[in-house]
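Enquirer: This is the structure, below, for whatever I ask next.
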Amino acid sequence: MPNRRTRISKYVHRWYDTAKFRTLVRNYGVDLCFTPMVMADSFCRSEKARQNEFSTNYNDTPVIAQFAAQTTYEYLSCAEMVFPYVDGVDLNCGCPQRWAVSTGYGCALLKDPQLLKDLTSTIRRNFPTNFSVSAKIRVQRPLDITIDLVRQLEKCGVTFITVHGRTPTQKIGEPSNVEYLAEIKKSISIPMVANGDVKTLDEANELYERTKCDGTMSARGILSNPTLFSGTNVPSVSCLQNWIDIVHANPNVTFQCFHHHLSFMMEKLLRRKQRIAFNQLSSKGQVHDFLEQHFGIVPDRSKTGETIVCEYDESKFRQRSTEHDIEAKRIEYNSGNNPGKFFESQLTSDDEGESDEDGVIFSNIFDT
C-alpha cells in the first residue's frame, strides 16, 4: 500500500474517537492513517469495546485497523468484523509498554516469531489480495534477528511492514538506529515504513533519504503538530479552526478528546500562563471563548459531520470461541456487557497508564 514518501499518522490516546483526528491530519499531507491499537480479545467479545475503540466516516480512507492479538481465531475474527470499514489490518508487535509485554502483546510477539507468522499468514489466507495485511515491529539486536523476521513475514504475504528504529528496551530520547532501518530495507522487496523521531517534515525527508524506505510514520510529532507533513513546524491557526469545526460538526466528540488535542497543538502557540489557564477549562463553551479571545476563531456552524454506524457480524467468532475458548463452554456469551478477558484483568489495576514514544497511552476505556 505505501509508495515512496508516503506520510503516515499513527496516534493512540486515552480518549477514543480518533476518526475525527484522522479527519484533521488528512488535510495536511497525510496519506495513510492507523487506528488506535485495539485489543483483539475485547473487540471480539464486547460490543462496548467495539463502540469505544473504533469509529469511522465516509472520508476516512485509506485507514488501517491495528490490533494487539495473541490467538489466530481472535485476530481473524476481528479482521472479519472490521473488513467492511477499513483498507487493511495491522498486527502490533512494537508496543514496549510493561503492561503489553507482560501480558504477551506488543513486543512480546517478537520473542515468538512462529506465532507472529501464524497470525499474519492466517489473515492473508482469508482475505482478498487488495486488503492490506501488515505488521509493526521494532529492531532487535543483533540485526540478523530482525532481518530474518522481516524476510519470514514477507514470505507470509504481508503487504508492507513498519519498523521502529529503537529496540524494545531503548528509552525515549535515545537515538533511533537509522542504519538498521536502511539494512532492513535492503533485505526485503516489500514496502517498508520507517518509524521513530519524526517530528518535522525535514526529519521525515531525512529518514527517507537515509533508509530509502517507502513511507515515514509519525506519532508524537503529529499529535503536537497535525500540519507536520505539510511542512510547518507549528500548527497554524487554520489548523485550530479546522479542529473546532470538526468537533462542532460531530457533537459526540467528548470534551476530553477535544481539549486534549488542543492542549498539545497549542503548546508552542501559548505562553506559560495561557497554557495553565487553558488546561483549567472544563467545557467546550469555555474552550470556544478562549480560542475566540486569543486567536479570533469561532466554530463554523454551517458544517455537518457524518459517522458510519458500524454493525458487526459476531457469528463466526461465536463458533470459533466455542471451539477454542474453554470459558465459552461454561459462560453464556453476551457481547453487550462483556469487556473481554484482557480488560477484565485491568479493572482492578491501580495503574493510571504509561506512555511510550509511539504516543500510546493505556487506560481503562470503560471508566465513565
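Within each chain, counting starts at residue 1; across the C-alpha cells, chains are named A, B, ... in the order shown, with ligands numbered 1 upward in that order.
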Could you give me, as number ranges by chain, the residues within 8 Å of range 297-307 of chain A, counting only C-alpha atoms and dropping anything in the same chain fewer than 5 positions from it?

Expert: A: 55-58, 241, 244-246, 248-250, 288, 291-292

Enquirer: Name all residues at most 8 Å from Val193 in chain A (count only C-alpha atoms; drop same-chain ones fewer than 4 positions away) and give them as a ChimeraX atom specification.

Expert: /A:2,160-163,213-217

Enquirer: What would the file look like if the residues just selected were written as a PDB file, in the first residue's frame with N, CA, C and O atoms?

Expert:
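Wrote out-v7.pdb, looks like this:
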```pdb
ATOM      1  N   PRO A   2       1.874   1.419   0.880  1.00  0.00           N
ATOM      2  CA  PRO A   2       2.661   2.642   0.863  1.00  0.00           C
ATOM      3  C   PRO A   2       3.469   2.773  -0.423  1.00  0.00           C
ATOM      4  O   PRO A   2       3.949   1.792  -0.987  1.00  0.00           O
ATOM      5  N   PHE A 160       2.964  -4.797   3.536  1.00  0.00           N
ATOM      6  CA  PHE A 160       4.099  -3.945   3.890  1.00  0.00           C
ATOM      7  C   PHE A 160       4.417  -4.175   5.354  1.00  0.00           C
ATOM      8  O   PHE A 160       3.671  -4.849   6.078  1.00  0.00           O
ATOM      9  N   ILE A 161       5.522  -3.613   5.801  1.00  0.00           N
ATOM     10  CA  ILE A 161       5.915  -3.757   7.201  1.00  0.00           C
ATOM     11  C   ILE A 161       6.409  -2.420   7.715  1.00  0.00           C
ATOM     12  O   ILE A 161       7.041  -1.649   6.987  1.00  0.00           O
ATOM     13  N   THR A 162       6.064  -2.112   8.966  1.00  0.00           N
ATOM     14  CA  THR A 162       6.540  -0.897   9.613  1.00  0.00           C
ATOM     15  C   THR A 162       7.572  -1.276  10.666  1.00  0.00           C
ATOM     16  O   THR A 162       7.341  -2.195  11.457  1.00  0.00           O
ATOM     17  N   VAL A 163       8.702  -0.569  10.666  1.00  0.00           N
ATOM     18  CA  VAL A 163       9.780  -0.884  11.607  1.00  0.00           C
ATOM     19  C   VAL A 163      10.153   0.367  12.384  1.00  0.00           C
ATOM     20  O   VAL A 163      10.475   1.403  11.795  1.00  0.00           O
ATOM     21  N   CYS A 213      13.343   4.134   2.536  1.00  0.00           N
ATOM     22  CA  CYS A 213      12.084   3.492   2.896  1.00  0.00           C
ATOM     23  C   CYS A 213      10.974   3.923   1.934  1.00  0.00           C
ATOM     24  O   CYS A 213      11.156   4.820   1.105  1.00  0.00           O
ATOM     25  N   ASP A 214       9.818   3.304   2.079  1.00  0.00           N
ATOM     26  CA  ASP A 214       8.687   3.609   1.212  1.00  0.00           C
ATOM     27  C   ASP A 214       7.666   4.517   1.876  1.00  0.00           C
ATOM     28  O   ASP A 214       6.705   4.946   1.237  1.00  0.00           O
ATOM     29  N   GLY A 215       7.854   4.799   3.145  1.00  0.00           N
ATOM     30  CA  GLY A 215       6.961   5.695   3.862  1.00  0.00           C
ATOM     31  C   GLY A 215       7.561   6.020   5.213  1.00  0.00           C
ATOM     32  O   GLY A 215       8.408   5.286   5.734  1.00  0.00           O
ATOM     33  N   THR A 216       7.136   7.140   5.790  1.00  0.00           N
ATOM     34  CA  THR A 216       7.583   7.516   7.130  1.00  0.00           C
ATOM     35  C   THR A 216       6.361   7.704   8.016  1.00  0.00           C
ATOM     36  O   THR A 216       5.358   8.284   7.598  1.00  0.00           O
ATOM     37  N   MET A 217       6.453   7.217   9.242  1.00  0.00           N
ATOM     38  CA  MET A 217       5.342   7.281  10.190  1.00  0.00           C
ATOM     39  C   MET A 217       5.676   8.241  11.321  1.00  0.00           C
ATOM     40  O   MET A 217       6.804   8.258  11.825  1.00  0.00           O
TER      41      MET A 217
END
```

Enquirer: As a ChimeraX atom specification, please: all residues of range 80-227 of chain A that backbone DSSP puts in strand (DSSP E).

Expert: /A:88-92,132-138,160-164,192-195,215-218

Enquirer: Kindly assemble as a Markdown table a list of the range 222-254 of chain A residues that lie within 12 Å of range 22-26 of chain A, each paired with its nearest atom pair and their distance in Å to one decimal, using only C-alpha atoms, sorted first by chain and then by ascending residue number.

Expert:
```
| residue | atom | partner | partner_atom | distance |
| --- | --- | --- | --- | --- |
| A:Ile222 | CA | A:Val25 | CA | 8.0 |
| A:Leu223 | CA | A:Val25 | CA | 9.4 |
| A:Ser224 | CA | A:Val25 | CA | 11.3 |
| A:Asn225 | CA | A:Val25 | CA | 9.1 |
| A:Pro226 | CA | A:Val25 | CA | 5.3 |
| A:Thr227 | CA | A:Val25 | CA | 6.7 |
| A:Leu228 | CA | A:Val25 | CA | 8.8 |
| A:Phe229 | CA | A:Val25 | CA | 8.8 |
| A:Ser230 | CA | A:Val25 | CA | 9.7 |
| A:Pro235 | CA | A:Val25 | CA | 10.9 |
| A:Ser238 | CA | A:Leu24 | CA | 10.9 |
| A:Cys239 | CA | A:Leu24 | CA | 7.9 |
| A:Leu240 | CA | A:Leu24 | CA | 9.5 |
| A:Gln241 | CA | A:Leu24 | CA | 10.2 |
| A:Asn242 | CA | A:Leu24 | CA | 6.9 |
| A:Trp243 | CA | A:Leu24 | CA | 6.4 |
| A:Ile244 | CA | A:Leu24 | CA | 10.0 |
| A:Asp245 | CA | A:Leu24 | CA | 9.8 |
| A:Ile246 | CA | A:Leu24 | CA | 7.6 |
| A:Val247 | CA | A:Leu24 | CA | 10.1 |
| A:Ala249 | CA | A:Thr23 | CA | 12.0 |
| A:Asn250 | CA | A:Thr23 | CA | 11.6 |
```

Enquirer: Please identify which residues in range 176-207 of chain A DSSP calls helix (DSSP H, G or I) from the backbone, and express them as a PDB file with N, CA, C and O atoms, in the first residue's frame.

Expert:
```pdb
ATOM      1  N   VAL A 178      18.964   4.281  12.778  1.00  0.00           N
ATOM      2  CA  VAL A 178      18.609   4.509  11.382  1.00  0.00           C
ATOM      3  C   VAL A 178      19.381   3.583  10.457  1.00  0.00           C
ATOM      4  O   VAL A 178      18.854   3.108   9.442  1.00  0.00           O
ATOM      5  N   GLU A 179      20.624   3.286  10.809  1.00  0.00           N
ATOM      6  CA  GLU A 179      21.424   2.400   9.957  1.00  0.00           C
ATOM      7  C   GLU A 179      20.831   0.992   9.919  1.00  0.00           C
ATOM      8  O   GLU A 179      20.910   0.304   8.897  1.00  0.00           O
ATOM      9  N   TYR A 180      20.183   0.569  10.995  1.00  0.00           N
ATOM     10  CA  TYR A 180      19.490  -0.715  11.000  1.00  0.00           C
ATOM     11  C   TYR A 180      18.324  -0.704  10.016  1.00  0.00           C
ATOM     12  O   TYR A 180      18.098  -1.660   9.275  1.00  0.00           O
ATOM     13  N   LEU A 181      17.568   0.407  10.042  1.00  0.00           N
ATOM     14  CA  LEU A 181      16.431   0.513   9.140  1.00  0.00           C
ATOM     15  C   LEU A 181      16.866   0.432   7.682  1.00  0.00           C
ATOM     16  O   LEU A 181      16.194  -0.190   6.853  1.00  0.00           O
ATOM     17  N   ALA A 182      17.992   1.049   7.369  1.00  0.00           N
ATOM     18  CA  ALA A 182      18.499   1.013   5.992  1.00  0.00           C
ATOM     19  C   ALA A 182      18.844  -0.414   5.578  1.00  0.00           C
ATOM     20  O   ALA A 182      18.545  -0.837   4.448  1.00  0.00           O
ATOM     21  N   GLU A 183      19.460  -1.169   6.482  1.00  0.00           N
ATOM     22  CA  GLU A 183      19.828  -2.555   6.164  1.00  0.00           C
ATOM     23  C   GLU A 183      18.587  -3.440   6.035  1.00  0.00           C
ATOM     24  O   GLU A 183      18.525  -4.323   5.186  1.00  0.00           O
ATOM     25  N   ILE A 184      17.599  -3.192   6.879  1.00  0.00           N
ATOM     26  CA  ILE A 184      16.363  -3.981   6.802  1.00  0.00           C
ATOM     27  C   ILE A 184      15.675  -3.729   5.464  1.00  0.00           C
ATOM     28  O   ILE A 184      15.199  -4.671   4.816  1.00  0.00           O
ATOM     29  N   LYS A 185      15.634  -2.478   5.043  1.00  0.00           N
ATOM     30  CA  LYS A 185      15.002  -2.149   3.766  1.00  0.00           C
ATOM     31  C   LYS A 185      15.695  -2.873   2.608  1.00  0.00           C
ATOM     32  O   LYS A 185      15.039  -3.382   1.681  1.00  0.00           O
ATOM     33  N   LYS A 186      17.000  -2.954   2.659  1.00  0.00           N
ATOM     34  CA  LYS A 186      17.755  -3.636   1.596  1.00  0.00           C
ATOM     35  C   LYS A 186      17.454  -5.133   1.549  1.00  0.00           C
ATOM     36  O   LYS A 186      17.600  -5.759   0.500  1.00  0.00           O
ATOM     37  N   SER A 187      17.007  -5.694   2.656  1.00  0.00           N
ATOM     38  CA  SER A 187      16.885  -7.152   2.756  1.00  0.00           C
ATOM     39  C   SER A 187      15.548  -7.679   2.251  1.00  0.00           C
ATOM     40  O   SER A 187      15.365  -8.899   2.161  1.00  0.00           O
ATOM     41  N   LEU A 201       8.806  17.746   8.920  1.00  0.00           N
ATOM     42  CA  LEU A 201       8.891  17.240   7.551  1.00  0.00           C
ATOM     43  C   LEU A 201      10.342  17.037   7.139  1.00  0.00           C
ATOM     44  O   LEU A 201      10.660  16.073   6.438  1.00  0.00           O
ATOM     45  N   ASP A 202      11.231  17.913   7.591  1.00  0.00           N
ATOM     46  CA  ASP A 202      12.655  17.738   7.280  1.00  0.00           C
ATOM     47  C   ASP A 202      13.178  16.423   7.845  1.00  0.00           C
ATOM     48  O   ASP A 202      13.954  15.719   7.186  1.00  0.00           O
ATOM     49  N   GLU A 203      12.756  16.076   9.068  1.00  0.00           N
ATOM     50  CA  GLU A 203      13.187  14.807   9.663  1.00  0.00           C
ATOM     51  C   GLU A 203      12.604  13.623   8.902  1.00  0.00           C
ATOM     52  O   GLU A 203      13.272  12.593   8.737  1.00  0.00           O
ATOM     53  N   ALA A 204      11.368  13.749   8.426  1.00  0.00           N
ATOM     54  CA  ALA A 204      10.766  12.686   7.617  1.00  0.00           C
ATOM     55  C   ALA A 204      11.530  12.496   6.323  1.00  0.00           C
ATOM     56  O   ALA A 204      11.825  11.360   5.906  1.00  0.00           O
ATOM     57  N   ASN A 205      11.883  13.602   5.674  1.00  0.00           N
ATOM     58  CA  ASN A 205      12.631  13.510   4.418  1.00  0.00           C
ATOM     59  C   ASN A 205      14.031  12.956   4.642  1.00  0.00           C
ATOM     60  O   ASN A 205      14.542  12.181   3.819  1.00  0.00           O
ATOM     61  N   GLU A 206      14.655  13.344   5.754  1.00  0.00           N
ATOM     62  CA  GLU A 206      15.987  12.818   6.061  1.00  0.00           C
ATOM     63  C   GLU A 206      15.932  11.314   6.316  1.00  0.00           C
ATOM     64  O   GLU A 206      16.799  10.552   5.857  1.00  0.00           O
ATOM     65  N   LEU A 207      14.910  10.873   7.044  1.00  0.00           N
ATOM     66  CA  LEU A 207      14.756   9.443   7.304  1.00  0.00           C
ATOM     67  C   LEU A 207      14.549   8.678   5.999  1.00  0.00           C
ATOM     68  O   LEU A 207      15.096   7.586   5.809  1.00  0.00           O
TER      69      LEU A 207
END
```

Enquirer: Of the residues A:Gly106, A:Pro168, A:Gly285, A:Gly157, which is the one nearest to Leu91 in chain A, using only C-alpha atoms?

Expert: A:Gly106

Enquirer: Need to verify the contact set: Cys93 in chain A, 9 Å, only C-alpha atoms, exclusion of same-chain residues closer than 6 positions in sequence. Can you return it as number ranges by chain?

Expert: A: 68, 105-110, 116, 135-138

Enquirer: Please produce a file of those selected residues containing all heavy atoms, as a PDB file, in the first residue's frame.

Expert:
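Generated output (out19.pdb):
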```pdb
ATOM      1  N   ALA A  68      -3.802  -5.681  18.718  1.00  0.00           N
ATOM      2  CA  ALA A  68      -2.904  -6.457  19.564  1.00  0.00           C
ATOM      3  C   ALA A  68      -3.568  -7.809  19.753  1.00  0.00           C
ATOM      4  O   ALA A  68      -4.694  -7.884  20.259  1.00  0.00           O
ATOM      5  CB  ALA A  68      -2.693  -5.762  20.911  1.00  0.00           C
ATOM      6  N   TYR A 105       1.520  -9.223  24.654  1.00  0.00           N
ATOM      7  CA  TYR A 105       1.180  -8.414  23.494  1.00  0.00           C
ATOM      8  C   TYR A 105       2.372  -7.554  23.072  1.00  0.00           C
ATOM      9  O   TYR A 105       3.406  -7.506  23.729  1.00  0.00           O
ATOM     10  CB  TYR A 105      -0.020  -7.514  23.799  1.00  0.00           C
ATOM     11  CG  TYR A 105      -1.307  -8.257  24.055  1.00  0.00           C
ATOM     12  CD1 TYR A 105      -1.789  -8.437  25.355  1.00  0.00           C
ATOM     13  CD2 TYR A 105      -2.044  -8.781  22.999  1.00  0.00           C
ATOM     14  CE1 TYR A 105      -2.982  -9.113  25.587  1.00  0.00           C
ATOM     15  CE2 TYR A 105      -3.236  -9.463  23.230  1.00  0.00           C
ATOM     16  CZ  TYR A 105      -3.701  -9.622  24.522  1.00  0.00           C
ATOM     17  OH  TYR A 105      -4.875 -10.296  24.743  1.00  0.00           O
ATOM     18  N   GLY A 106       2.205  -6.832  21.978  1.00  0.00           N
ATOM     19  CA  GLY A 106       3.232  -5.889  21.548  1.00  0.00           C
ATOM     20  C   GLY A 106       4.560  -6.564  21.287  1.00  0.00           C
ATOM     21  O   GLY A 106       4.645  -7.574  20.583  1.00  0.00           O
ATOM     22  N   CYS A 107       5.611  -6.008  21.885  1.00  0.00           N
ATOM     23  CA  CYS A 107       6.971  -6.513  21.655  1.00  0.00           C
ATOM     24  C   CYS A 107       7.158  -7.959  22.094  1.00  0.00           C
ATOM     25  O   CYS A 107       8.109  -8.619  21.657  1.00  0.00           O
ATOM     26  CB  CYS A 107       7.985  -5.633  22.381  1.00  0.00           C
ATOM     27  SG  CYS A 107       8.255  -4.043  21.590  1.00  0.00           S
ATOM     28  N   ALA A 108       6.280  -8.457  22.949  1.00  0.00           N
ATOM     29  CA  ALA A 108       6.395  -9.851  23.385  1.00  0.00           C
ATOM     30  C   ALA A 108       6.310 -10.804  22.196  1.00  0.00           C
ATOM     31  O   ALA A 108       6.907 -11.884  22.218  1.00  0.00           O
ATOM     32  CB  ALA A 108       5.307 -10.171  24.408  1.00  0.00           C
ATOM     33  N   LEU A 109       5.583 -10.410  21.156  1.00  0.00           N
ATOM     34  CA  LEU A 109       5.453 -11.276  19.982  1.00  0.00           C
ATOM     35  C   LEU A 109       6.768 -11.445  19.239  1.00  0.00           C
ATOM     36  O   LEU A 109       6.948 -12.412  18.504  1.00  0.00           O
ATOM     37  CB  LEU A 109       4.388 -10.722  19.033  1.00  0.00           C
ATOM     38  CG  LEU A 109       2.933 -10.853  19.478  1.00  0.00           C
ATOM     39  CD1 LEU A 109       2.006 -10.160  18.488  1.00  0.00           C
ATOM     40  CD2 LEU A 109       2.539 -12.309  19.629  1.00  0.00           C
ATOM     41  N   LEU A 110       7.698 -10.486  19.406  1.00  0.00           N
ATOM     42  CA  LEU A 110       8.991 -10.606  18.736  1.00  0.00           C
ATOM     43  C   LEU A 110       9.774 -11.814  19.252  1.00  0.00           C
ATOM     44  O   LEU A 110      10.651 -12.333  18.561  1.00  0.00           O
ATOM     45  CB  LEU A 110       9.809  -9.332  18.946  1.00  0.00           C
ATOM     46  CG  LEU A 110       9.218  -8.040  18.365  1.00  0.00           C
ATOM     47  CD1 LEU A 110      10.098  -6.846  18.716  1.00  0.00           C
ATOM     48  CD2 LEU A 110       9.042  -8.157  16.858  1.00  0.00           C
ATOM     49  N   LEU A 116       3.854 -15.071  15.500  1.00  0.00           N
ATOM     50  CA  LEU A 116       3.723 -13.876  14.671  1.00  0.00           C
ATOM     51  C   LEU A 116       3.419 -14.269  13.223  1.00  0.00           C
ATOM     52  O   LEU A 116       2.528 -13.696  12.574  1.00  0.00           O
ATOM     53  CB  LEU A 116       5.020 -13.066  14.756  1.00  0.00           C
ATOM     54  CG  LEU A 116       4.990 -11.568  14.431  1.00  0.00           C
ATOM     55  CD1 LEU A 116       6.285 -10.911  14.897  1.00  0.00           C
ATOM     56  CD2 LEU A 116       4.805 -11.321  12.951  1.00  0.00           C
ATOM     57  N   ALA A 135       2.346  -5.625   9.549  1.00  0.00           N
ATOM     58  CA  ALA A 135       2.775  -5.767  10.941  1.00  0.00           C
ATOM     59  C   ALA A 135       3.713  -4.628  11.284  1.00  0.00           C
ATOM     60  O   ALA A 135       4.442  -4.123  10.417  1.00  0.00           O
ATOM     61  CB  ALA A 135       3.477  -7.103  11.164  1.00  0.00           C
ATOM     62  N   LYS A 136       3.698  -4.219  12.543  1.00  0.00           N
ATOM     63  CA  LYS A 136       4.620  -3.189  13.036  1.00  0.00           C
ATOM     64  C   LYS A 136       5.524  -3.811  14.080  1.00  0.00           C
ATOM     65  O   LYS A 136       5.049  -4.396  15.063  1.00  0.00           O
ATOM     66  CB  LYS A 136       3.851  -2.007  13.641  1.00  0.00           C
ATOM     67  CG  LYS A 136       4.768  -0.882  14.111  1.00  0.00           C
ATOM     68  CD  LYS A 136       3.961   0.350  14.498  1.00  0.00           C
ATOM     69  CE  LYS A 136       4.904   1.532  14.766  1.00  0.00           C
ATOM     70  NZ  LYS A 136       5.351   1.604  16.153  1.00  0.00           N
ATOM     71  N   ILE A 137       6.831  -3.699  13.855  1.00  0.00           N
ATOM     72  CA  ILE A 137       7.799  -4.312  14.748  1.00  0.00           C
ATOM     73  C   ILE A 137       8.835  -3.275  15.179  1.00  0.00           C
ATOM     74  O   ILE A 137       8.792  -2.127  14.749  1.00  0.00           O
ATOM     75  CB  ILE A 137       8.517  -5.502  14.069  1.00  0.00           C
ATOM     76  CG1 ILE A 137       9.395  -5.008  12.919  1.00  0.00           C
ATOM     77  CG2 ILE A 137       7.514  -6.533  13.570  1.00  0.00           C
ATOM     78  CD1 ILE A 137      10.310  -6.071  12.345  1.00  0.00           C
ATOM     79  N   ARG A 138       9.764  -3.714  16.024  1.00  0.00           N
ATOM     80  CA  ARG A 138      10.926  -2.910  16.392  1.00  0.00           C
ATOM     81  C   ARG A 138      12.198  -3.664  16.020  1.00  0.00           C
ATOM     82  O   ARG A 138      12.187  -4.886  15.916  1.00  0.00           O
ATOM     83  CB  ARG A 138      10.934  -2.620  17.903  1.00  0.00           C
ATOM     84  CG  ARG A 138       9.943  -1.549  18.302  1.00  0.00           C
ATOM     85  CD  ARG A 138       9.911  -1.350  19.800  1.00  0.00           C
ATOM     86  NE  ARG A 138       9.011  -0.256  20.119  1.00  0.00           N
ATOM     87  CZ  ARG A 138       9.391   0.994  20.379  1.00  0.00           C
ATOM     88  NH1 ARG A 138      10.686   1.285  20.394  1.00  0.00           N
ATOM     89  NH2 ARG A 138       8.508   1.929  20.634  1.00  0.00           N
TER      90      ARG A 138
END
```

Enquirer: Rounded to one decimal place, report the CA of Phe258 in chain A-CA of Arg275 in chain A distance in Å.

Expert: 15.3 Å

Enquirer: Report, in Å to a single decimal, how far apart CA of Gln319 in chain A and CA of Cys78 in chain A are.

Expert: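 For CA of Cys78 in chain A relative to CA of Gln319 in chain A, the distance reads 13.6 Å.
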
Enquirer: Just want the 9 Å neighbourhood of Cys156 in chain A, counted on only C-alpha atoms, with same-chain residues fewer than 3 positions away dropped. Output as a list in words.

Expert: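 The residues satisfying every condition are Lys117, Asp118, Thr120, Ser121, Thr122, Arg124, Arg151, Gln152 and Leu153 of chain A.
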
Enquirer: Would you write out those residues with N, CA, C and O atoms, as a PDB file, in the first residue's frame?

Expert:
```
ATOM      1  N   LYS A 117       4.139 -15.255  12.718  1.00  0.00           N
ATOM      2  CA  LYS A 117       3.900 -15.726  11.342  1.00  0.00           C
ATOM      3  C   LYS A 117       2.522 -16.362  11.213  1.00  0.00           C
ATOM      4  O   LYS A 117       1.825 -16.151  10.212  1.00  0.00           O
ATOM      5  N   ASP A 118       2.112 -17.144  12.201  1.00  0.00           N
ATOM      6  CA  ASP A 118       0.793 -17.780  12.148  1.00  0.00           C
ATOM      7  C   ASP A 118      -0.320 -16.723  12.101  1.00  0.00           C
ATOM      8  O   ASP A 118      -1.287 -16.862  11.349  1.00  0.00           O
ATOM      9  N   THR A 120      -0.176 -13.518  11.027  1.00  0.00           N
ATOM     10  CA  THR A 120      -0.224 -12.768   9.765  1.00  0.00           C
ATOM     11  C   THR A 120      -0.636 -13.646   8.591  1.00  0.00           C
ATOM     12  O   THR A 120      -1.423 -13.231   7.736  1.00  0.00           O
ATOM     13  N   SER A 121      -0.129 -14.866   8.534  1.00  0.00           N
ATOM     14  CA  SER A 121      -0.464 -15.739   7.408  1.00  0.00           C
ATOM     15  C   SER A 121      -1.933 -16.160   7.439  1.00  0.00           C
ATOM     16  O   SER A 121      -2.564 -16.346   6.389  1.00  0.00           O
ATOM     17  N   THR A 122      -2.503 -16.293   8.644  1.00  0.00           N
ATOM     18  CA  THR A 122      -3.927 -16.633   8.750  1.00  0.00           C
ATOM     19  C   THR A 122      -4.786 -15.538   8.122  1.00  0.00           C
ATOM     20  O   THR A 122      -5.750 -15.820   7.389  1.00  0.00           O
ATOM     21  N   ARG A 124      -3.787 -13.329   5.862  1.00  0.00           N
ATOM     22  CA  ARG A 124      -3.522 -13.254   4.423  1.00  0.00           C
ATOM     23  C   ARG A 124      -4.297 -14.318   3.646  1.00  0.00           C
ATOM     24  O   ARG A 124      -4.818 -14.044   2.555  1.00  0.00           O
ATOM     25  N   ARG A 151      12.026 -11.090   6.605  1.00  0.00           N
ATOM     26  CA  ARG A 151      12.006 -11.974   5.433  1.00  0.00           C
ATOM     27  C   ARG A 151      10.943 -13.054   5.589  1.00  0.00           C
ATOM     28  O   ARG A 151      10.274 -13.428   4.618  1.00  0.00           O
ATOM     29  N   GLN A 152      10.796 -13.571   6.804  1.00  0.00           N
ATOM     30  CA  GLN A 152       9.745 -14.561   7.038  1.00  0.00           C
ATOM     31  C   GLN A 152       8.355 -13.948   6.873  1.00  0.00           C
ATOM     32  O   GLN A 152       7.451 -14.576   6.307  1.00  0.00           O
ATOM     33  N   LEU A 153       8.182 -12.712   7.347  1.00  0.00           N
ATOM     34  CA  LEU A 153       6.902 -12.039   7.182  1.00  0.00           C
ATOM     35  C   LEU A 153       6.609 -11.771   5.707  1.00  0.00           C
ATOM     36  O   LEU A 153       5.464 -11.862   5.268  1.00  0.00           O
TER      37      LEU A 153
END
```

Enquirer: Applying 10 Å and only C-alpha atoms, which residues near Phe127 in chain A remain after dropping the ones on its own chain fewer than 5 positions away? List them as a compact mmCIF listing (two decimals) with N, CA, C and O atoms, in the first residue's frame.

Expert:
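So around05.txt came out as:
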```
# COMPACT_ATOMS: atom_id res chain seq x y z
N LEU A 76 -8.32 -13.21 13.47
CA LEU A 76 -9.12 -13.42 12.26
C LEU A 76 -10.53 -12.89 12.44
O LEU A 76 -11.09 -12.25 11.54
N ALA A 79 -10.55 -9.11 12.21
CA ALA A 79 -10.37 -8.67 10.83
C ALA A 79 -11.67 -8.82 10.03
O ALA A 79 -12.03 -7.96 9.22
N GLU A 80 -12.38 -9.91 10.27
CA GLU A 80 -13.66 -10.12 9.58
C GLU A 80 -14.68 -9.06 9.98
O GLU A 80 -15.47 -8.59 9.14
N PHE A 83 -13.63 -5.64 8.39
CA PHE A 83 -13.37 -5.70 6.94
C PHE A 83 -14.21 -4.72 6.12
O PHE A 83 -13.68 -4.07 5.21
N GLY A 88 -7.37 -2.36 5.56
CA GLY A 88 -6.44 -3.40 5.95
C GLY A 88 -6.34 -3.51 7.46
O GLY A 88 -6.92 -2.70 8.20
N THR A 122 -2.50 -16.29 8.64
CA THR A 122 -3.93 -16.63 8.75
C THR A 122 -4.79 -15.54 8.12
O THR A 122 -5.75 -15.82 7.39
N SER A 132 -5.12 -4.95 2.71
CA SER A 132 -3.76 -4.89 3.24
C SER A 132 -3.61 -5.68 4.54
O SER A 132 -4.46 -5.59 5.43
N VAL A 133 -2.53 -6.44 4.63
CA VAL A 133 -2.17 -7.18 5.85
C VAL A 133 -0.73 -6.79 6.18
O VAL A 133 0.17 -6.99 5.37
```

Enquirer: Rounded to one decimal, what separation in Å do you get between CA of Leu281 in chain A and CA of Val234 in chain A?

Expert: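 Computed distance, CA of Leu281 in chain A to CA of Val234 in chain A, equals 22.6 Å.
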